[in-house]
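Have a look at input.cif; it's mmCIF, C-alpha atoms, pLDDT in the B column; chains and numbers go by the auth columns:
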```
data_structure
loop_
_atom_site.group_PDB
_atom_site.id
_atom_site.type_symbol
_atom_site.label_atom_id
_atom_site.label_comp_id
_atom_site.label_asym_id
_atom_site.label_seq_id
_atom_site.Cartn_x
_atom_site.Cartn_y
_atom_site.Cartn_z
_atom_site.B_iso_or_equiv
_atom_site.auth_seq_id
_atom_site.auth_asym_id
ATOM 1 C CA MET A 1 -20.685 -21.540 -7.680 50.00 1 I
ATOM 2 C CA TYR A 2 -19.046 -20.102 -4.559 52.00 2 I
ATOM 3 C CA GLN A 3 -18.006 -16.971 -6.480 51.00 3 I
ATOM 4 C CA LEU A 4 -21.548 -16.555 -7.789 52.00 4 I
ATOM 5 C CA TYR A 5 -22.962 -16.846 -4.258 53.00 5 I
ATOM 6 C CA ASN A 6 -20.477 -14.213 -3.029 58.00 6 I
ATOM 7 C CA LEU A 7 -21.617 -11.818 -5.760 52.00 7 I
ATOM 8 C CA VAL A 8 -25.256 -12.409 -4.794 52.00 8 I
ATOM 9 C CA LYS A 9 -24.406 -11.870 -1.117 55.00 9 I
ATOM 10 C CA LYS A 10 -22.664 -8.563 -1.846 54.00 10 I
ATOM 11 C CA SER A 11 -25.608 -7.295 -3.903 52.00 11 I
ATOM 12 C CA GLY A 12 -28.106 -7.869 -1.064 52.00 12 I
ATOM 13 C CA THR A 13 -30.247 -10.384 -2.988 55.00 13 I
ATOM 14 C CA THR A 14 -29.367 -13.362 -0.777 61.00 14 I
ATOM 15 C CA THR A 15 -32.976 -13.762 0.386 67.00 15 I
ATOM 16 C CA ILE A 16 -34.215 -14.116 -3.204 66.00 16 I
ATOM 17 C CA PHE A 17 -31.429 -16.593 -3.943 66.00 17 I
ATOM 18 C CA LYS A 18 -32.384 -18.708 -0.910 71.00 18 I
ATOM 19 C CA GLY A 19 -36.046 -18.531 -1.934 72.00 19 I
ATOM 20 C CA ILE A 20 -35.191 -19.939 -5.369 72.00 20 I
ATOM 21 C CA ILE A 21 -33.212 -22.789 -3.787 76.00 21 I
ATOM 22 C CA ALA A 22 -36.149 -23.545 -1.463 79.00 22 I
ATOM 23 C CA PHE A 23 -38.543 -23.601 -4.444 72.00 23 I
ATOM 24 C CA ILE A 24 -36.300 -26.039 -6.328 77.00 24 I
ATOM 25 C CA ILE A 25 -36.188 -28.350 -3.294 83.00 25 I
ATOM 26 C CA LEU A 26 -39.995 -28.154 -2.971 78.00 26 I
ATOM 27 C CA TRP A 27 -40.419 -28.940 -6.677 74.00 27 I
ATOM 28 C CA ILE A 28 -38.162 -32.015 -6.410 80.00 28 I
ATOM 29 C CA ILE A 29 -40.049 -33.300 -3.352 83.00 29 I
ATOM 30 C CA VAL A 30 -43.534 -32.747 -4.839 77.00 30 I
ATOM 31 C CA SER A 31 -42.805 -33.944 -8.388 74.00 31 I
ATOM 32 C CA HIS A 32 -40.242 -36.694 -7.910 72.00 32 I
ATOM 33 C CA VAL A 33 -40.479 -37.892 -4.311 79.00 33 I
ATOM 34 C CA LEU A 34 -44.187 -37.635 -3.456 80.00 34 I
ATOM 35 C CA GLN A 35 -45.244 -37.765 -7.144 76.00 35 I
ATOM 36 C CA MET A 36 -48.187 -35.402 -6.625 78.00 36 I
ATOM 37 C CA ARG A 37 -49.298 -35.017 -10.248 77.00 37 I
ATOM 38 C CA LEU A 38 -51.569 -31.984 -9.995 77.00 38 I
ATOM 39 C CA MET A 39 -49.285 -29.929 -7.780 75.00 39 I
ATOM 40 C CA GLY A 40 -46.281 -31.184 -9.740 75.00 40 I
ATOM 41 C CA ALA A 41 -47.851 -30.024 -13.014 78.00 41 I
ATOM 42 C CA ILE A 42 -48.409 -26.551 -11.563 74.00 42 I
ATOM 43 C CA LEU A 43 -44.845 -26.306 -10.291 72.00 43 I
ATOM 44 C CA ASN A 44 -43.528 -27.595 -13.628 74.00 44 I
ATOM 45 C CA LYS A 45 -45.091 -24.553 -15.319 71.00 45 I
ATOM 46 C CA PHE A 46 -43.124 -22.263 -13.026 71.00 46 I
ATOM 47 C CA VAL A 47 -39.920 -24.252 -13.563 69.00 47 I
ATOM 48 C CA SER A 48 -40.294 -24.022 -17.355 70.00 48 I
ATOM 49 C CA ILE A 49 -40.032 -20.234 -17.210 72.00 49 I
ATOM 50 C CA GLY A 50 -37.787 -20.179 -14.149 69.00 50 I
ATOM 51 C CA MET A 51 -34.543 -19.742 -16.095 69.00 51 I
ATOM 52 C CA PHE A 52 -35.804 -16.543 -17.712 72.00 52 I
ATOM 53 C CA VAL A 53 -36.943 -15.220 -14.324 70.00 53 I
ATOM 54 C CA ILE A 54 -33.545 -15.992 -12.777 69.00 54 I
ATOM 55 C CA ILE A 55 -31.732 -14.218 -15.622 68.00 55 I
ATOM 56 C CA ILE A 56 -33.921 -11.129 -15.145 69.00 56 I
ATOM 57 C CA LEU A 57 -33.537 -11.072 -11.339 64.00 57 I
ATOM 58 C CA PHE A 58 -29.810 -11.749 -11.286 64.00 58 I
ATOM 59 C CA GLN A 59 -28.646 -10.204 -14.554 64.00 59 I
ATOM 60 C CA ASP A 60 -26.089 -7.937 -12.827 62.00 60 I
ATOM 61 C CA GLU A 61 -24.722 -10.773 -10.678 59.00 61 I
ATOM 62 C CA ILE A 62 -24.495 -13.135 -13.673 64.00 62 I
ATOM 63 C CA ARG A 63 -22.658 -10.470 -15.678 63.00 63 I
ATOM 64 C CA ARG A 64 -20.183 -9.897 -12.838 61.00 64 I
ATOM 65 C CA PHE A 65 -19.688 -13.646 -12.444 62.00 65 I
ATOM 66 C CA LEU A 66 -18.897 -14.064 -16.147 63.00 66 I
ATOM 67 C CA MET A 67 -16.506 -11.090 -16.024 61.00 67 I
ATOM 68 C CA THR A 68 -14.814 -12.586 -12.966 59.00 68 I
ATOM 69 C CA LEU A 69 -14.550 -15.930 -14.745 60.00 69 I
ATOM 70 C CA GLY A 70 -13.043 -14.270 -17.798 59.00 70 I
ATOM 71 C CA ALA A 71 -10.472 -12.489 -15.631 53.00 71 I
ATOM 72 C CA ASN A 72 -9.486 -15.671 -13.795 52.00 72 I
ATOM 73 C CA SER A 73 -5.795 -16.474 -14.147 50.00 73 I
ATOM 74 C CA VAL A 74 -6.518 -20.097 -15.125 48.00 74 I
ATOM 75 C CA PHE A 75 -8.878 -18.967 -17.886 49.00 75 I
ATOM 76 C CA ARG A 76 -6.329 -16.443 -19.181 51.00 76 I
ATOM 77 C CA SER A 77 -3.669 -19.162 -19.236 53.00 77 I
ATOM 78 C CA LEU A 78 -5.944 -21.364 -21.356 51.00 78 I
ATOM 79 C CA VAL A 79 -6.560 -18.478 -23.748 48.00 79 I
ATOM 80 C CA LYS A 80 -2.816 -17.928 -24.122 50.00 80 I
ATOM 81 C CA LEU A 81 -2.274 -21.676 -24.606 54.00 81 I
ATOM 82 C CA PHE A 82 -4.667 -21.714 -27.568 52.00 82 I
ATOM 83 C CA GLY A 83 -3.126 -18.697 -29.227 51.00 83 I
ATOM 84 C CA GLY A 84 -4.807 -15.805 -27.434 50.00 84 I
ATOM 85 C CA LYS A 85 -2.778 -12.687 -26.763 50.00 85 I
ATOM 86 C CA SER A 86 -2.623 -10.825 -23.524 47.00 86 I
ATOM 87 C CA ARG A 87 -3.626 -7.164 -23.567 49.00 87 I
ATOM 88 C CA ASP A 88 -0.723 -4.726 -23.783 49.00 88 I
ATOM 89 C CA THR A 89 -0.886 -2.441 -20.765 48.00 89 I
ATOM 90 C CA GLY A 90 1.927 -0.228 -22.039 52.00 90 I
ATOM 91 C CA GLY A 91 4.441 -1.204 -19.365 55.00 91 I
ATOM 92 C CA ASN A 92 4.824 0.499 -15.989 66.00 92 I
ATOM 93 C CA ASN A 93 6.582 3.673 -17.104 80.00 93 I
ATOM 94 C CA PHE A 94 3.487 5.660 -16.110 87.00 94 I
ATOM 95 C CA VAL A 95 3.576 4.573 -12.450 94.00 95 I
ATOM 96 C CA THR A 96 5.961 7.283 -11.217 94.00 96 I
ATOM 97 C CA PRO A 97 3.927 10.223 -12.652 95.00 97 I
ATOM 98 C CA ILE A 98 0.769 8.766 -11.060 96.00 98 I
ATOM 99 C CA VAL A 99 2.436 8.347 -7.653 96.00 99 I
ATOM 100 C CA LEU A 100 3.870 11.884 -7.747 96.00 100 I
ATOM 101 C CA ALA A 101 0.487 13.325 -8.723 96.00 101 I
ATOM 102 C CA CYS A 102 -1.286 11.438 -5.925 96.00 102 I
ATOM 103 C CA MET A 103 1.333 12.593 -3.408 96.00 103 I
ATOM 104 C CA ASN A 104 0.868 16.231 -4.455 96.00 104 I
ATOM 105 C CA MET A 105 -2.940 15.989 -4.471 96.00 105 I
ATOM 106 C CA SER A 106 -2.874 14.360 -1.049 95.00 106 I
ATOM 107 C CA LYS A 107 -0.965 17.341 0.344 95.00 107 I
ATOM 108 C CA THR A 108 -3.451 19.836 -1.127 94.00 108 I
ATOM 109 C CA TYR A 109 -6.566 17.753 -0.278 94.00 109 I
ATOM 110 C CA THR A 110 -7.507 17.440 -3.936 94.00 110 I
ATOM 111 C CA GLY A 111 -9.955 14.588 -4.585 94.00 111 I
ATOM 112 C CA ALA A 112 -9.054 12.127 -7.326 95.00 112 I
ATOM 113 C CA LEU A 113 -10.238 8.836 -8.809 96.00 113 I
ATOM 114 C CA ILE A 114 -7.845 7.045 -11.170 97.00 114 I
ATOM 115 C CA VAL A 115 -8.620 3.708 -12.857 97.00 115 I
ATOM 116 C CA ILE A 116 -5.829 1.736 -14.539 96.00 116 I
ATOM 117 C CA GLU A 117 -6.873 -0.870 -17.084 94.00 117 I
ATOM 118 C CA GLN A 118 -5.400 -4.367 -16.788 90.00 118 I
ATOM 119 C CA GLU A 119 -6.530 -7.424 -18.778 87.00 119 I
ATOM 120 C CA MET A 120 -10.216 -6.482 -18.993 86.00 120 I
ATOM 121 C CA SER A 121 -11.237 -3.621 -21.282 86.00 121 I
ATOM 122 C CA LEU A 122 -12.650 -0.436 -19.746 90.00 122 I
ATOM 123 C CA GLY A 123 -13.987 0.861 -23.042 89.00 123 I
ATOM 124 C CA LEU A 124 -17.577 0.815 -21.747 87.00 124 I
ATOM 125 C CA TYR A 125 -16.677 3.281 -18.985 92.00 125 I
ATOM 126 C CA GLU A 126 -14.457 5.419 -21.234 93.00 126 I
ATOM 127 C CA GLN A 127 -17.498 6.244 -23.359 91.00 127 I
ATOM 128 C CA THR A 128 -19.214 7.902 -20.376 93.00 128 I
ATOM 129 C CA GLY A 129 -16.540 10.607 -20.146 93.00 129 I
ATOM 130 C CA GLU A 130 -14.416 12.848 -22.357 94.00 130 I
ATOM 131 C CA ILE A 131 -11.893 11.098 -24.600 94.00 131 I
ATOM 132 C CA ILE A 132 -8.394 12.514 -24.069 93.00 132 I
ATOM 133 C CA ASN A 133 -5.803 9.987 -25.337 92.00 133 I
ATOM 134 C CA ALA A 134 -2.745 11.774 -23.937 94.00 134 I
ATOM 135 C CA ASP A 135 0.525 10.655 -22.386 94.00 135 I
ATOM 136 C CA VAL A 136 0.446 10.173 -18.631 95.00 136 I
ATOM 137 C CA SER A 137 2.081 13.046 -16.786 95.00 137 I
ATOM 138 C CA THR A 138 1.944 14.395 -13.251 95.00 138 I
ATOM 139 C CA ARG A 139 0.857 17.854 -14.390 95.00 139 I
ATOM 140 C CA LEU A 140 -1.947 16.506 -16.595 96.00 140 I
ATOM 141 C CA ILE A 141 -3.378 14.410 -13.751 96.00 141 I
ATOM 142 C CA GLU A 142 -3.255 17.329 -11.314 96.00 142 I
ATOM 143 C CA ASN A 143 -4.883 19.701 -13.825 95.00 143 I
ATOM 144 C CA ILE A 144 -7.746 17.286 -14.538 95.00 144 I
ATOM 145 C CA PHE A 145 -8.531 16.860 -10.828 95.00 145 I
ATOM 146 C CA PHE A 146 -8.043 20.543 -9.955 92.00 146 I
ATOM 147 C CA LYS A 147 -11.140 21.686 -8.073 87.00 147 I
ATOM 148 C CA ASN A 148 -12.307 24.112 -10.776 84.00 148 I
ATOM 149 C CA SER A 149 -11.751 21.676 -13.641 88.00 149 I
ATOM 150 C CA PRO A 150 -14.985 20.529 -15.368 88.00 150 I
ATOM 151 C CA LEU A 151 -13.714 16.923 -15.282 89.00 151 I
ATOM 152 C CA HIS A 152 -12.578 16.746 -11.652 89.00 152 I
ATOM 153 C CA ASP A 153 -15.687 14.961 -10.327 88.00 153 I
ATOM 154 C CA GLY A 154 -15.448 11.916 -12.600 92.00 154 I
ATOM 155 C CA ALA A 155 -12.902 9.132 -12.956 95.00 155 I
ATOM 156 C CA MET A 156 -9.750 9.191 -15.047 96.00 156 I
ATOM 157 C CA ILE A 157 -9.041 6.023 -17.030 96.00 157 I
ATOM 158 C CA ILE A 158 -5.516 5.013 -17.997 96.00 158 I
ATOM 159 C CA SER A 159 -5.075 2.337 -20.656 93.00 159 I
ATOM 160 C CA LYS A 160 -1.920 1.107 -22.391 90.00 160 I
ATOM 161 C CA GLY A 161 0.144 3.862 -20.818 89.00 161 I
ATOM 162 C CA LYS A 162 -2.217 6.628 -21.977 93.00 162 I
ATOM 163 C CA VAL A 163 -4.817 8.790 -20.256 95.00 163 I
ATOM 164 C CA THR A 164 -7.666 7.677 -22.497 95.00 164 I
ATOM 165 C CA ALA A 165 -10.611 9.448 -20.826 95.00 165 I
ATOM 166 C CA ALA A 166 -11.612 11.622 -17.869 95.00 166 I
ATOM 167 C CA GLY A 167 -14.865 12.613 -16.194 94.00 167 I
ATOM 168 C CA CYS A 168 -16.040 8.995 -16.507 95.00 168 I
ATOM 169 C CA ILE A 169 -18.965 7.460 -14.609 94.00 169 I
ATOM 170 C CA LEU A 170 -18.323 4.219 -12.728 94.00 170 I
ATOM 171 C CA PRO A 171 -20.634 1.627 -11.118 89.00 171 I
ATOM 172 C CA ILE A 172 -21.279 2.291 -7.424 89.00 172 I
ATOM 173 C CA SER A 173 -20.631 -0.470 -4.888 86.00 173 I
ATOM 174 C CA GLN A 174 -23.773 -1.262 -2.899 80.00 174 I
ATOM 175 C CA ASN A 175 -21.987 -3.159 -0.129 75.00 175 I
ATOM 176 C CA PRO A 176 -23.309 -1.913 3.248 76.00 176 I
ATOM 177 C CA ASN A 177 -20.154 -3.014 5.082 77.00 177 I
ATOM 178 C CA LEU A 178 -18.016 -0.261 3.572 78.00 178 I
ATOM 179 C CA PRO A 179 -16.706 1.948 6.409 78.00 179 I
ATOM 180 C CA LYS A 180 -18.496 5.274 6.893 78.00 180 I
ATOM 181 C CA GLN A 181 -15.411 7.381 6.152 77.00 181 I
ATOM 182 C CA PHE A 182 -15.477 6.264 2.524 85.00 182 I
ATOM 183 C CA GLY A 183 -17.736 8.405 0.362 86.00 183 I
ATOM 184 C CA LEU A 184 -19.117 8.199 -3.171 89.00 184 I
ATOM 185 C CA ARG A 185 -15.684 8.452 -4.790 91.00 185 I
ATOM 186 C CA HIS A 186 -14.488 5.380 -2.897 92.00 186 I
ATOM 187 C CA ARG A 187 -17.718 3.503 -3.602 92.00 187 I
ATOM 188 C CA ALA A 188 -17.274 4.155 -7.320 93.00 188 I
ATOM 189 C CA GLY A 189 -13.676 2.962 -7.169 93.00 189 I
ATOM 190 C CA LEU A 190 -14.674 -0.157 -5.266 92.00 190 I
ATOM 191 C CA GLY A 191 -17.538 -0.794 -7.694 90.00 191 I
ATOM 192 C CA VAL A 192 -15.322 -0.864 -10.782 92.00 192 I
ATOM 193 C CA SER A 193 -12.718 -2.987 -8.958 91.00 193 I
ATOM 194 C CA GLN A 194 -15.478 -5.526 -8.197 87.00 194 I
ATOM 195 C CA GLU A 195 -16.654 -5.702 -11.801 84.00 195 I
ATOM 196 C CA THR A 196 -13.231 -5.640 -13.510 88.00 196 I
ATOM 197 C CA ASP A 197 -9.593 -6.420 -12.750 88.00 197 I
ATOM 198 C CA ALA A 198 -8.636 -2.733 -12.886 93.00 198 I
ATOM 199 C CA GLN A 199 -6.344 -1.091 -10.355 95.00 199 I
ATOM 200 C CA VAL A 200 -8.003 1.940 -8.742 97.00 200 I
ATOM 201 C CA ILE A 201 -6.527 4.849 -6.795 96.00 201 I
ATOM 202 C CA THR A 202 -8.530 7.378 -4.796 96.00 202 I
ATOM 203 C CA VAL A 203 -7.404 10.519 -3.027 95.00 203 I
ATOM 204 C CA SER A 204 -9.790 11.760 -0.361 93.00 204 I
ATOM 205 C CA GLU A 205 -10.823 15.390 -0.691 91.00 205 I
ATOM 206 C CA GLU A 206 -11.783 15.574 3.011 90.00 206 I
ATOM 207 C CA ARG A 207 -8.842 13.706 4.580 91.00 207 I
ATOM 208 C CA GLY A 208 -6.138 13.845 1.926 92.00 208 I
ATOM 209 C CA LYS A 209 -5.591 10.084 2.254 94.00 209 I
ATOM 210 C CA ILE A 210 -4.560 7.799 -0.605 96.00 210 I
ATOM 211 C CA SER A 211 -6.341 4.457 -1.025 95.00 211 I
ATOM 212 C CA PHE A 212 -5.736 1.627 -3.478 97.00 212 I
ATOM 213 C CA MET A 213 -8.396 -0.828 -4.697 94.00 213 I
ATOM 214 C CA SER A 214 -8.130 -4.107 -6.571 93.00 214 I
ATOM 215 C CA ARG A 215 -10.431 -7.129 -6.932 88.00 215 I
ATOM 216 C CA GLY A 216 -12.965 -5.610 -4.537 87.00 216 I
ATOM 217 C CA HIS A 217 -10.372 -4.984 -1.800 89.00 217 I
ATOM 218 C CA ILE A 218 -9.447 -1.623 -0.292 92.00 218 I
ATOM 219 C CA TYR A 219 -5.975 -0.739 0.941 94.00 219 I
ATOM 220 C CA PRO A 220 -6.636 2.507 2.903 93.00 220 I
ATOM 221 C CA ASN A 221 -4.371 5.352 3.975 92.00 221 I
ATOM 222 C CA ILE A 222 -1.291 4.097 2.150 95.00 222 I
ATOM 223 C CA THR A 223 1.960 5.982 1.600 95.00 223 I
ATOM 224 C CA PRO A 224 3.223 6.968 -1.882 94.00 224 I
ATOM 225 C CA GLU A 225 5.909 4.291 -1.511 94.00 225 I
ATOM 226 C CA LYS A 226 3.286 1.621 -0.800 96.00 226 I
ATOM 227 C CA LEU A 227 1.203 2.858 -3.726 95.00 227 I
ATOM 228 C CA GLN A 228 4.149 2.466 -6.075 94.00 228 I
ATOM 229 C CA GLU A 229 4.762 -1.046 -4.756 94.00 229 I
ATOM 230 C CA LEU A 230 1.112 -2.056 -5.304 94.00 230 I
ATOM 231 C CA LEU A 231 1.009 -0.593 -8.817 92.00 231 I
ATOM 232 C CA ASN A 232 4.126 -2.503 -9.820 89.00 232 I
ATOM 233 C CA GLN A 233 2.800 -5.855 -8.639 81.00 233 I
ATOM 234 C CA PRO A 234 1.260 -8.295 -11.170 65.00 234 I
ATOM 235 C CA VAL A 235 -2.522 -8.430 -11.550 56.00 235 I
ATOM 236 C CA GLY A 236 -4.157 -10.332 -8.689 52.00 236 I
ATOM 237 C CA LYS A 237 -0.898 -10.524 -6.666 53.00 237 I
ATOM 238 C CA THR A 238 -1.472 -7.640 -4.247 53.00 238 I
ATOM 239 C CA ASP A 239 -0.524 -8.102 -0.616 54.00 239 I
ATOM 240 C CA LYS A 240 -3.440 -9.292 1.536 53.00 240 I
ATOM 241 C CA SER A 241 -2.072 -8.092 4.856 48.00 241 I
ATOM 242 C CA GLU A 242 -3.286 -4.487 4.671 52.00 242 I
ATOM 243 C CA ARG A 243 -6.598 -4.781 2.862 54.00 243 I
ATOM 244 C CA ILE A 244 -9.775 -4.174 4.860 53.00 244 I
ATOM 245 C CA HIS A 245 -12.611 -5.181 2.545 46.00 245 I
ATOM 246 C CA LYS A 246 -13.650 -7.853 0.112 46.00 246 I
#
```
Take the structure in the file and write it out as structure tokens.
Amino acid sequence: MYQLYNLVKKSGTTTIFKGIIAFIILWIIVSHVLQMRLMGAILNKFVSIGMFVIIILFQDEIRRFLMTLGANSVFRSLVKLFGGKSRDTGGNNFVTPIVLACMNMSKTYTGALIVIEQEMSLGLYEQTGEIINADVSTRLIENIFFKNSPLHDGAMIISKGKVTAAGCILPISQNPNLPKQFGLRHRAGLGVSQETDAQVITVSEERGKISFMSRGHIYPNITPEKLQELLNQPVGKTDKSERIHK
């Protein structure tokens, strides 16, 4: 319930959520405490369709909550216990080419947005871009994000050790607390890290800074060495000391 409230709070629909809680309290008082039959009958009509209204109003938050629940380590452990198999991420042999590419793009102020799939599938976002399905290499990453490349404005998705797609469209974070220096590229990276368990890397075109995002947290202005350390850590185990946003 706490996670669901946090998702509602981030989306800016807290007032609606509080209004629904207030209505439920009013309904309980009128129908069950004061036993006002006429008013209770009217409120009962609203309650009978209330679940459908809540689903419509909070469909995005409910979807994110269910995705968060599915990515929870306890839930994954239960799935494995009953015979489920963990997704194969292809090992970490692609980390070094990514780090080298980000280091080079940082020096040349080349903007980049790289999303690395973890346990949760990114197939929905892959379909919004161009399917590539190529081995991860430093030169390929730099060529895709080269300023004159037709795919440089979108996100690159890496899955199972392969560059599966590029030029992809990601959900934009609506959180108003994001610092002003972070633009649309960072908001897109933060958005997909809020909705999935993916690891996200951004390189700022204006400042040449590398940032890492995971689970809705941003680790800004990190070094290539720190980036490699974060990429090699298990899902959900990133260091909390340097993050600035949740």
Grab all the atoms of stretch 26-42 of chain I that the file lists, wrap them in a box along x, y and z, add 5 Å per side, and give me centre plus edge lengths in Å (one decimal) as JSON.
```
{"center_x": -44.9, "center_y": -32.2, "center_z": -8.0, "size_x": 23.4, "size_y": 21.3, "size_z": 20.0}
```
Translate the PyMOL selection byres ((chain I and resi 158) around 12) into a concrete residue list for this structure, as a PyMOL selection string. chain I and resi 89-92+94-95+98+113-118+121-123+125-126+131-137+141+155-157+159-166+168+198-201
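Closest approach to I:Asn104 from the set I:Ile210, I:Ala22, I:Val33, I:Leu231 is made by I:Ile210, with distances taken over all atoms listed in the file.
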Could you state which residues are captured by the PyMOL selection byres ((chain I and resi 228) around 12) in this file, as a PyMOL selection string? chain I and resi 92-103+199+201+210-212+222-227+229-233+238
Give the answer as one residue: which of I:Asn143, I:Thr202, I:Asn44, I:Thr128 has the shortest atom-to-atom distance to I:Ala112, using all atoms listed in the file? I:Thr202
Hey, can you check how far atom CA of I:Lys107 sits from atom CA of I:His152?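 We find that atom CA of I:Lys107 and atom CA of I:His152 lie 16.7 Å from each other.
Between atom CA of I:Leu124 and atom CA of I:Leu178 the separation is 25.3 Å.
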Nearest-residue call for I:Leu151, choices I:His186, I:Ile49, I:Phe23, I:Gly111, using all atoms listed in the file: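 Once distances to I:Leu151 are computed over all atoms listed in the file, the minimum belongs to I:Gly111.
The set of residues that the PyMOL selection byres ((chain I and resi 173) around 10) takes from this file is Lys10, Ser11, Leu170, Pro171, Ile172, Gln174, Asn175, Pro176, Leu178, Leu184, His186, Arg187, Ala188, Gly189, Leu190, Gly191, Val192, Ser193, Gln194, Glu195 and Gly216 of chain I.
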Could you tell me how far atom CA of I:Pro220 sits from atom CA of I:Asn148, in Å to one decimal place? 26.2 Å
Which one of I:Ile24, I:Arg207, I:Tyr219, I:Thr196 sits closest to I:Met120 if you count only C-alpha atoms?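 Closest to I:Met120 of all the choices is I:Thr196.
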Shortest interatomic distance to I:His217 - which of I:Asp197, I:Ile28, I:Arg37, I:Glu119, counting all atoms listed in the file: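 Going through I:Asp197, I:Ile28, I:Arg37, I:Glu119 one by one, the smallest distance to I:His217 is for I:Asp197.
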